[in-house]
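Chemist: What follows is query_25.txt, compact mmCIF, C-alpha atoms and all ligand atoms.
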# COMPACT_ATOMS: atom_id res chain seq x y z
CA MET A 1 -84.69 -65.18 67.25
CA LYS A 2 -86.75 -62.02 66.78
CA LYS A 3 -88.96 -63.05 69.63
CA ALA A 4 -85.95 -63.60 71.87
CA VAL A 5 -84.45 -60.23 70.97
CA ALA A 6 -87.78 -58.51 71.58
CA ILE A 7 -87.93 -60.03 75.03
CA LEU A 8 -84.28 -59.33 75.66
CA LEU A 9 -84.24 -55.61 74.93
CA PRO A 10 -86.69 -54.39 77.56
CA CYS A 11 -85.03 -56.81 79.93
CA LEU A 12 -81.66 -55.21 79.27
CA LEU A 13 -82.95 -51.72 79.86
CA ALA A 14 -84.23 -52.89 83.21
CA VAL A 15 -80.82 -54.38 83.90
CA ALA A 16 -79.04 -51.08 83.47
CA ALA A 17 -81.37 -49.40 85.96
CA ILE A 18 -80.99 -52.17 88.48
CA LEU A 19 -77.23 -52.28 88.25
CA LEU A 20 -77.12 -48.55 88.87
CA PHE A 21 -79.33 -48.55 91.93
CA ALA A 22 -79.07 -51.95 93.57
CA ASN A 23 -75.88 -51.31 95.51
CA ARG A 24 -77.18 -48.26 97.23
CA GLU A 25 -80.73 -49.39 97.90
CA ASP A 26 -80.46 -52.99 98.97
CA ASN A 27 -77.07 -53.49 100.48
CA PRO A 28 -75.86 -51.16 103.15
CA SER A 29 -73.25 -53.81 103.98
CA ALA A 30 -72.00 -54.03 100.39
CA GLY A 31 -68.26 -54.14 100.18
CA ALA A 32 -68.16 -56.97 102.69
CA GLY A 33 -65.28 -55.37 104.62
CA PRO A 34 -63.10 -57.12 107.19
CA GLY A 35 -65.17 -60.31 107.12
CA GLN A 36 -64.38 -60.97 103.47
CA LEU A 37 -62.25 -64.07 102.99
CA GLU A 38 -59.21 -64.04 100.74
CA ILE A 39 -59.35 -65.89 97.46
CA GLN A 40 -57.65 -69.27 97.63
CA ASN A 41 -56.89 -71.55 94.71
CA VAL A 42 -57.85 -75.17 94.16
CA ALA A 43 -55.31 -77.74 92.97
CA PRO A 44 -54.47 -77.26 89.27
CA GLU A 45 -54.54 -80.97 88.42
CA LEU A 46 -58.26 -81.31 89.21
CA SER A 47 -59.65 -79.86 85.99
CA ALA A 48 -58.49 -82.78 83.82
CA GLN A 49 -60.74 -85.10 85.85
CA LEU A 50 -64.00 -83.31 85.08
CA SER A 51 -66.14 -85.52 82.85
CA GLY A 52 -68.59 -84.09 80.32
CA ALA A 53 -70.19 -87.52 79.99
CA ARG A 54 -70.92 -87.63 83.72
CA ALA A 55 -72.30 -84.08 83.71
CA TYR A 56 -74.51 -84.99 80.75
CA ALA A 57 -75.79 -88.12 82.52
CA HIS A 58 -76.82 -85.99 85.54
CA ILE A 59 -78.81 -83.70 83.24
CA GLU A 60 -80.56 -86.71 81.68
CA GLU A 61 -81.57 -87.91 85.15
CA ILE A 62 -82.85 -84.48 86.21
CA LEU A 63 -84.92 -84.07 83.03
CA LYS A 64 -86.77 -87.29 83.89
CA PHE A 65 -88.39 -85.38 86.78
CA GLY A 66 -90.15 -83.11 84.25
CA PRO A 67 -90.55 -79.33 84.56
CA ARG A 68 -89.07 -78.04 87.84
CA PRO A 69 -90.44 -74.54 88.52
CA PRO A 70 -90.41 -73.32 92.15
CA ALA A 71 -92.53 -75.36 94.59
CA SER A 72 -93.14 -78.13 92.03
CA GLU A 73 -92.89 -81.91 92.35
CA GLY A 74 -90.19 -81.84 89.67
CA LEU A 75 -88.07 -79.43 91.70
CA ALA A 76 -88.56 -81.46 94.90
CA ARG A 77 -87.32 -84.60 93.13
CA THR A 78 -84.41 -82.65 91.61
CA ILE A 79 -83.33 -81.42 95.04
CA GLU A 80 -83.53 -84.97 96.43
CA TYR A 81 -81.37 -86.17 93.53
CA LEU A 82 -78.82 -83.42 94.22
CA GLU A 83 -78.74 -84.24 97.94
CA THR A 84 -78.21 -87.95 97.32
CA THR A 85 -75.56 -87.39 94.67
CA LEU A 86 -73.66 -84.80 96.71
CA ALA A 87 -73.77 -86.95 99.85
CA GLY A 88 -72.16 -89.74 97.84
CA TYR A 89 -69.22 -87.41 97.16
CA GLY A 90 -68.88 -86.38 100.81
CA TRP A 91 -70.72 -83.05 100.59
CA LYS A 92 -73.06 -81.89 103.34
CA THR A 93 -76.10 -80.09 102.04
CA GLU A 94 -78.50 -77.65 103.62
CA ARG A 95 -81.83 -76.50 102.23
CA GLN A 96 -82.46 -72.78 102.46
CA THR A 97 -86.23 -72.38 102.30
CA PHE A 98 -88.13 -69.11 102.16
CA LYS A 99 -91.33 -67.56 100.89
CA ALA A 100 -91.31 -64.56 98.55
CA ALA A 101 -93.90 -62.40 96.83
CA THR A 102 -94.17 -63.03 93.07
CA PRO A 103 -96.57 -61.77 90.38
CA ASP A 104 -98.51 -65.00 91.07
CA GLY A 105 -98.66 -64.39 94.82
CA PRO A 106 -96.49 -65.80 97.62
CA VAL A 107 -94.39 -68.80 96.54
CA ASP A 108 -92.15 -71.19 98.52
CA PHE A 109 -88.57 -71.44 97.27
CA THR A 110 -85.65 -73.75 98.15
CA ASN A 111 -81.96 -73.07 97.55
CA LEU A 112 -79.56 -75.93 98.17
CA MET A 113 -76.17 -75.07 99.71
CA ALA A 114 -73.35 -77.65 99.73
CA ARG A 115 -70.01 -77.83 101.53
CA HIS A 116 -67.58 -80.66 101.59
CA GLU A 117 -67.33 -82.53 104.89
CA SER A 118 -63.77 -81.25 105.25
CA ALA A 119 -65.01 -77.63 105.45
CA ASP A 120 -66.14 -75.75 108.53
CA PRO A 121 -69.90 -75.87 109.17
CA LEU A 122 -72.27 -72.96 108.52
CA PRO A 123 -72.50 -70.03 109.15
CA ALA A 124 -68.84 -69.29 108.38
CA SER A 125 -68.29 -68.74 104.67
CA LEU A 126 -65.71 -70.34 102.40
CA PRO A 127 -63.40 -68.47 100.02
CA TRP A 128 -65.51 -69.20 96.91
CA ILE A 129 -69.14 -69.53 95.86
CA VAL A 130 -69.73 -71.58 92.72
CA GLY A 131 -73.34 -71.60 91.61
CA GLY A 132 -76.10 -71.99 89.08
CA HIS A 133 -79.88 -72.19 89.04
CA ILE A 134 -81.93 -75.37 89.29
CA ASP A 135 -85.45 -74.12 88.54
CA SER A 136 -87.02 -74.20 85.08
CA LYS A 137 -89.12 -71.40 83.69
CA ILE A 138 -92.90 -71.61 83.91
CA LEU A 139 -94.30 -71.82 80.38
CA PRO A 140 -97.75 -72.80 79.11
CA GLU A 141 -96.13 -75.84 77.46
CA PRO A 142 -93.96 -78.42 79.26
CA PHE A 143 -90.46 -76.94 79.58
CA VAL A 144 -87.53 -78.89 81.01
CA GLY A 145 -84.69 -76.42 80.40
CA ALA A 146 -81.96 -78.89 79.43
CA ASN A 147 -79.55 -76.08 78.66
CA ASP A 148 -81.24 -73.32 80.71
CA GLY A 149 -80.81 -74.58 84.24
CA GLY A 150 -79.84 -78.16 83.38
CA SER A 151 -76.37 -77.63 81.91
CA SER A 152 -74.87 -75.77 84.87
CA THR A 153 -76.45 -78.21 87.32
CA GLY A 154 -74.82 -81.20 85.61
CA ILE A 155 -71.42 -79.49 85.57
CA LEU A 156 -71.64 -78.48 89.25
CA LEU A 157 -72.48 -82.06 90.24
CA ASP A 158 -69.45 -83.47 88.47
CA MET A 159 -67.32 -80.65 89.84
CA ALA A 160 -68.39 -81.77 93.33
CA ARG A 161 -67.15 -85.29 92.51
CA VAL A 162 -63.81 -84.00 91.23
CA LEU A 163 -63.28 -81.65 94.18
CA SER A 164 -64.05 -84.45 96.63
CA THR A 165 -60.87 -86.24 95.46
CA ASP A 166 -58.89 -83.38 97.04
CA PRO A 167 -60.55 -82.33 100.33
CA LYS A 168 -58.17 -79.38 100.71
CA SER A 169 -59.49 -77.92 97.46
CA ALA A 170 -63.10 -78.87 98.25
CA SER A 171 -62.90 -77.08 101.60
CA LYS A 172 -62.46 -73.74 99.79
CA ILE A 173 -65.74 -73.89 97.90
CA GLU A 174 -69.42 -73.59 98.69
CA ILE A 175 -71.62 -74.84 95.85
CA VAL A 176 -75.03 -73.18 95.72
CA PHE A 177 -77.97 -74.33 93.61
CA PHE A 178 -80.34 -71.38 93.34
CA ASP A 179 -84.11 -71.70 93.05
CA GLY A 180 -86.30 -69.02 91.44
CA GLU A 181 -83.81 -67.56 88.97
CA GLU A 182 -86.49 -67.46 86.30
CA ALA A 183 -89.09 -64.70 86.28
CA PHE A 184 -92.78 -65.57 86.53
CA ARG A 185 -93.39 -63.08 83.71
CA PRO A 186 -91.40 -63.01 80.42
CA GLY A 187 -88.21 -61.25 81.53
CA ILE A 188 -86.25 -60.82 84.77
CA THR A 189 -86.91 -57.40 86.35
CA ALA A 190 -86.05 -55.65 89.60
CA THR A 191 -88.94 -57.44 91.34
CA ASP A 192 -89.42 -60.68 89.35
CA GLY A 193 -86.73 -63.38 89.10
CA LEU A 194 -83.45 -64.05 90.97
CA TYR A 195 -85.50 -64.91 94.07
CA GLY A 196 -83.04 -67.52 95.32
CA SER A 197 -79.83 -65.57 94.81
CA LYS A 198 -81.34 -62.42 96.32
CA TYR A 199 -82.41 -64.32 99.42
CA PHE A 200 -79.07 -66.11 99.68
CA ALA A 201 -77.17 -62.81 99.43
CA HIS A 202 -79.47 -61.21 102.00
CA VAL A 203 -78.94 -64.01 104.52
CA MET A 204 -75.22 -64.06 103.82
CA THR A 205 -74.76 -60.38 104.57
CA THR A 206 -77.07 -60.30 107.59
CA LYS A 207 -76.43 -63.65 109.30
CA ARG A 208 -72.90 -64.70 108.46
CA SER A 209 -69.77 -63.42 110.14
CA SER A 210 -67.70 -63.74 106.95
CA TRP A 211 -68.20 -63.54 103.20
CA PRO A 212 -66.70 -65.37 100.23
CA GLY A 213 -63.82 -63.67 98.45
CA GLY A 214 -65.24 -64.44 95.01
CA GLY A 215 -67.93 -66.20 93.02
CA ILE A 216 -68.45 -67.82 89.65
CA ILE A 217 -71.93 -68.45 88.29
CA LEU A 218 -72.74 -70.59 85.24
CA ASP A 219 -75.96 -70.58 83.16
CA ILE A 220 -76.99 -71.96 79.74
CA VAL A 221 -73.48 -73.27 79.00
CA GLY A 222 -74.10 -76.60 77.23
CA ASP A 223 -74.54 -75.57 73.59
CA PRO A 224 -71.32 -75.55 71.52
CA ASP A 225 -72.99 -73.80 68.58
CA HIS A 226 -73.33 -70.42 70.27
CA ASP A 227 -70.87 -67.93 71.73
CA LEU A 228 -70.11 -68.03 75.44
CA LEU A 229 -70.24 -64.65 77.16
CA TYR A 230 -68.79 -63.46 80.45
CA SER A 231 -69.92 -60.55 82.56
CA PRO A 232 -68.37 -57.18 81.63
CA GLU A 233 -68.48 -55.99 85.23
CA ALA A 234 -66.20 -58.79 86.49
CA PRO A 235 -62.96 -57.65 88.20
CA GLU A 236 -60.04 -57.25 85.83
CA HIS A 237 -57.99 -60.09 87.32
CA PHE A 238 -61.00 -62.43 86.92
CA VAL A 239 -61.29 -61.38 83.26
CA ARG A 240 -57.59 -61.91 82.56
CA THR A 241 -57.69 -65.36 84.15
CA ILE A 242 -60.87 -66.65 82.47
CA GLU A 243 -59.69 -65.45 79.05
CA SER A 244 -56.45 -67.35 79.56
CA CYS A 245 -58.32 -70.49 80.73
CA ALA A 246 -60.83 -70.30 77.86
CA GLY A 247 -58.01 -69.95 75.34
CA ARG A 248 -56.87 -73.47 76.22
CA ARG A 249 -60.29 -75.07 75.70
CA SER A 250 -60.70 -74.60 71.93
CA PHE A 251 -64.38 -73.69 71.94
CA THR A 252 -65.91 -73.90 68.47
CA LYS A 253 -67.55 -70.49 68.91
CA PRO A 254 -66.03 -67.34 70.48
CA PHE A 255 -65.67 -66.89 74.24
CA ARG A 256 -66.00 -63.15 74.77
CA MET A 257 -67.08 -60.36 77.07
CA SER A 258 -70.80 -59.67 76.87
CA PRO A 259 -71.41 -56.29 75.19
CA PHE A 260 -74.08 -55.57 77.78
CA PRO A 261 -74.66 -56.37 81.46
CA ILE A 262 -76.72 -59.50 82.02
CA LEU A 263 -79.12 -59.76 84.93
CA ASP A 264 -78.57 -63.16 86.49
CA ASP A 265 -77.75 -64.80 89.83
CA HIS A 266 -74.32 -63.14 90.08
CA VAL A 267 -75.87 -59.66 90.42
CA PRO A 268 -77.29 -60.05 93.96
CA LEU A 269 -73.91 -61.50 95.03
CA GLN A 270 -72.01 -58.61 93.45
CA ASN A 271 -74.36 -56.17 95.12
CA ALA A 272 -73.55 -57.85 98.43
CA GLY A 273 -69.85 -57.14 97.84
CA ILE A 274 -68.74 -60.50 96.38
CA PRO A 275 -66.62 -60.04 93.22
CA CYS A 276 -68.17 -62.38 90.64
CA LEU A 277 -67.69 -63.82 87.20
CA HIS A 278 -70.78 -64.88 85.26
CA VAL A 279 -70.53 -67.19 82.24
CA ILE A 280 -73.57 -67.67 79.98
CA GLY A 281 -74.30 -68.90 76.45
CA GLU A 282 -75.57 -66.24 74.06
CA PHE A 283 -79.20 -67.09 74.79
CA GLY A 284 -80.61 -64.23 72.68
CA ARG A 285 -79.49 -66.08 69.55
CA MET A 286 -80.76 -69.52 70.63
CA SER A 287 -84.02 -70.14 68.75
CA TYR A 288 -85.08 -72.62 71.44
CA TRP A 289 -84.35 -70.41 74.45
CA HIS A 290 -87.38 -70.34 76.79
CA THR A 291 -89.32 -72.68 74.51
CA PRO A 292 -90.24 -76.38 74.92
CA ASP A 293 -87.43 -77.13 72.43
CA ASP A 294 -84.75 -76.59 75.11
CA THR A 295 -84.24 -80.36 75.26
CA ILE A 296 -81.28 -82.66 75.88
CA ASP A 297 -80.24 -82.62 72.20
CA LYS A 298 -79.23 -78.95 72.67
CA VAL A 299 -76.61 -79.99 75.23
CA ASP A 300 -73.25 -81.45 74.26
CA ALA A 301 -71.08 -83.50 76.62
CA GLY A 302 -67.90 -82.09 75.08
CA MET A 303 -69.08 -78.54 75.72
CA LEU A 304 -69.99 -79.37 79.33
CA GLU A 305 -66.50 -80.79 79.81
CA LYS A 306 -64.81 -77.71 78.35
CA VAL A 307 -66.83 -75.31 80.51
CA GLY A 308 -66.35 -77.42 83.64
CA ARG A 309 -62.61 -77.73 83.11
CA MET A 310 -62.31 -74.03 82.31
CA THR A 311 -64.12 -73.23 85.57
CA LEU A 312 -61.80 -75.44 87.62
CA ASP A 313 -58.77 -73.92 85.85
CA PHE A 314 -60.11 -70.48 86.78
CA LEU A 315 -60.43 -71.49 90.43
CA ALA A 316 -56.87 -72.86 90.33
CA GLU A 317 -55.28 -69.84 88.68
CA VAL A 318 -57.07 -66.63 89.58
CA PRO A 319 -54.69 -64.47 91.60
CA ALA A 320 -55.53 -62.48 94.69
CA PRO A 321 -56.34 -58.87 93.74
CA GLU A 322 -53.42 -56.50 93.55
CA ALA A 323 -53.16 -54.06 96.42
CA PRO A 324 -54.68 -50.67 95.49
ZN ZN B 401 -84.05 -68.92 81.60
Would you mind writing the structure in this file as structure tokens?
Ligand SMILES: [Zn+2]
Modeler:
Amino acid sequence: MKKAVAILLPCLLAVAAILLFANREDNPSAGAGPGQLEIQNVAPELSAQLSGARAYAHIEEILKFGPRPPASEGLARTIEYLETTLAGYGWKTERQTFKAATPDGPVDFTNLMARHESADPLPASLPWIVGGHIDSKILPEPFVGANDGGSSTGILLDMARVLSTDPKSASKIEIVFFDGEEAFRPGITATDGLYGSKYFAHVMTTKRSSWPGGGIILDIVGDPDHDLLYSPEAPEHFVRTIESCAGRRSFTKPFRMSPFPILDDHVPLQNAGIPCLHVIGEFGRMSYWHTPDDTIDKVDAGMLEKVGRMTLDFLAEVPAPEAP
């Protein structure tokens, strides 16, 4: 735990600086403006169909591919698995490939974007982005990231199945699997990590004619023995809704606002003008976080089910923002 906290603290200081400056420096189009789509809700009866056992089984399959850092064989096989699975549920996928400078030199990255066949084709956006990262961190030892990267991926895959049973709901959501969330060095900084979400946000604001009205990003959400945190910078009506949804899920540990901002894939989206909610397990207290011990036994099917159902409840219940 001490090691995790030691890594976390400098990371958090960097976060504060980035949150202060990112809007002004990187995103002249931040605020999205007239192209921003209104929030629309999914059907409330969907959440009961989300299966923690199915989400867990997807994680087991993905872990068989081994470590999946950017540009690896493991990541390529993971993306193929996602494409095949999503196609089976009627989702069209598109790979978003790009090269970016990292501390290890230029690296090829691949985000995977998915829309249900009932939705309009790219480049028009849909009302919601729901996302998580698929890469695993590069460590000297083999690291599969069952909870860190695996848990959200399993939930998003079963969410795609559930949404496909109601095409009207599915047509409101773009699911994005981000590559390159993890830093190549110990902690995420302004220039290392979040490669996929930064690129996605950049393309969204420069190439698309419209922008999602909101986003929810999940990460490290499969461990029932640690608190679940949500982002303190989320809009107030997102906070009210997720607290209400979480209250019905009887988590064994608290679900609470993070006492500090967390630098993760929601930040580039927020900086591009998309109001976001980020949900993450309290990784700083997980002894196995960013170690080879982040294995499938750290993930619990019941926890995956609670988080997945809470997320669908949130998408069903969050109201449009009140007029200023
Ligand atoms: Zn990580």
Chemist: Could I get the residue neighbourhood of ligand ZN 401 (chain B) at 9 Å, counting all atoms listed in the file, as a ChimeraX atom specification?
Modeler: /A:135-137,145,147-149,181-183,187-188,219-220,283,289-290
Chemist: Mind giving me the axis-aligned box for segment 253-257 of chain A with 5 Å on every side, centre plus edges in Å to one decimal, as JSON?
Modeler:
{"center_x": -66.6, "center_y": -65.4, "center_z": 73.0, "size_x": 11.9, "size_y": 20.1, "size_z": 18.2}
Chemist: List the neighbours of Val107 of chain A out to 9 Å using all atoms listed in the file; skip same-chain residues closer than 5 positions along the sequence, and give me the result as a ChimeraX atom specification.
Modeler: /A:70-71,98-102
Chemist: Taking into account only C-alpha atoms, which residue in the set A:Leu263, A:Ile217, A:Ala301, A:Met310 is nearest to Arg249 of chain A?
Modeler: A:Met310
Chemist: Tell me, in Å to one decimal, how far atom CA of Lys92 of chain A is from atom CA of Ser171 of chain A.
Modeler: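 According to the coordinates, atom CA of Lys92 of chain A and atom CA of Ser171 of chain A are separated by 11.4 Å.
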Chemist: In the coordinates of the file, take the point (-59.5, -76.7, 84.3) and a cut-off of 7 Å; then, counting all atoms listed in the file, name each qualifying protein, DNA or RNA residue as a list in words.
Modeler: Leu46, Ser47, Ala48, Gly308, Arg309, Met310, Thr311, Leu312, Asp313 and Phe314 of chain A
Chemist: Can you pull out every residue within 8 Å of Pro103 of chain A, counting only C-alpha atoms, but drop anything in the same chain fewer than 2 positions away, and send it as a list of chain:residue names?
Modeler: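 Listing them by chain and then by number gives A:Ala101, A:Gly105, A:Phe184, A:Arg185, A:Asp192.
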Chemist: Please determine, counting all atoms listed in the file, which residue among A:Asp166, A:Glu305, A:Asp293, A:Glu317 has the shortest atom-to-atom distance to Glu141 of chain A.
Modeler: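 The closest residue to Glu141 of chain A is A:Asp293.
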Chemist: Between A:Leu86, A:Met113, A:Val299, A:Leu63, which has the minimum distance to Met204 of chain A (counting all atoms listed in the file)?
Modeler: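 For Met204 of chain A, the nearest of the candidates is A:Met113.
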Chemist: Just how far from atom CA of Gly74 of chain A is atom CA of Thr110 of chain A, in Å to one decimal?
Modeler: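 So the two atoms, atom CA of Thr110 of chain A and atom CA of Gly74 of chain A, lie 12.6 Å apart.
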Chemist: In Å, how far is it from atom CA of Val221 of chain A to atom CA of Asp104 of chain A?
Modeler: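 Separating atom CA of Val221 of chain A from atom CA of Asp104 of chain A is a distance of 29.0 Å.
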Chemist: Considering all atoms listed in the file, state which residue in the set A:Ile216, A:Ile242, A:Leu37, A:Ala316 is at the smallest distance from Ala124 of chain A.
Modeler: A:Leu37
Chemist: List the neighbours of Trp211 of chain A out to 9 Å using all atoms listed in the file; skip same-chain residues closer than 2 positions along the sequence, and give me the result as a ChimeraX atom specification.
Modeler: /A:32-33,35-37,124-128,204-205,208-209,213-214,273-274
Chemist: Identify which of the residues A:Ala272, A:Leu228, A:Val279, A:Leu75 lies closest to Phe255 of chain A, counting all atoms listed in the file when measuring atom-to-atom distances.
Modeler: A:Leu228
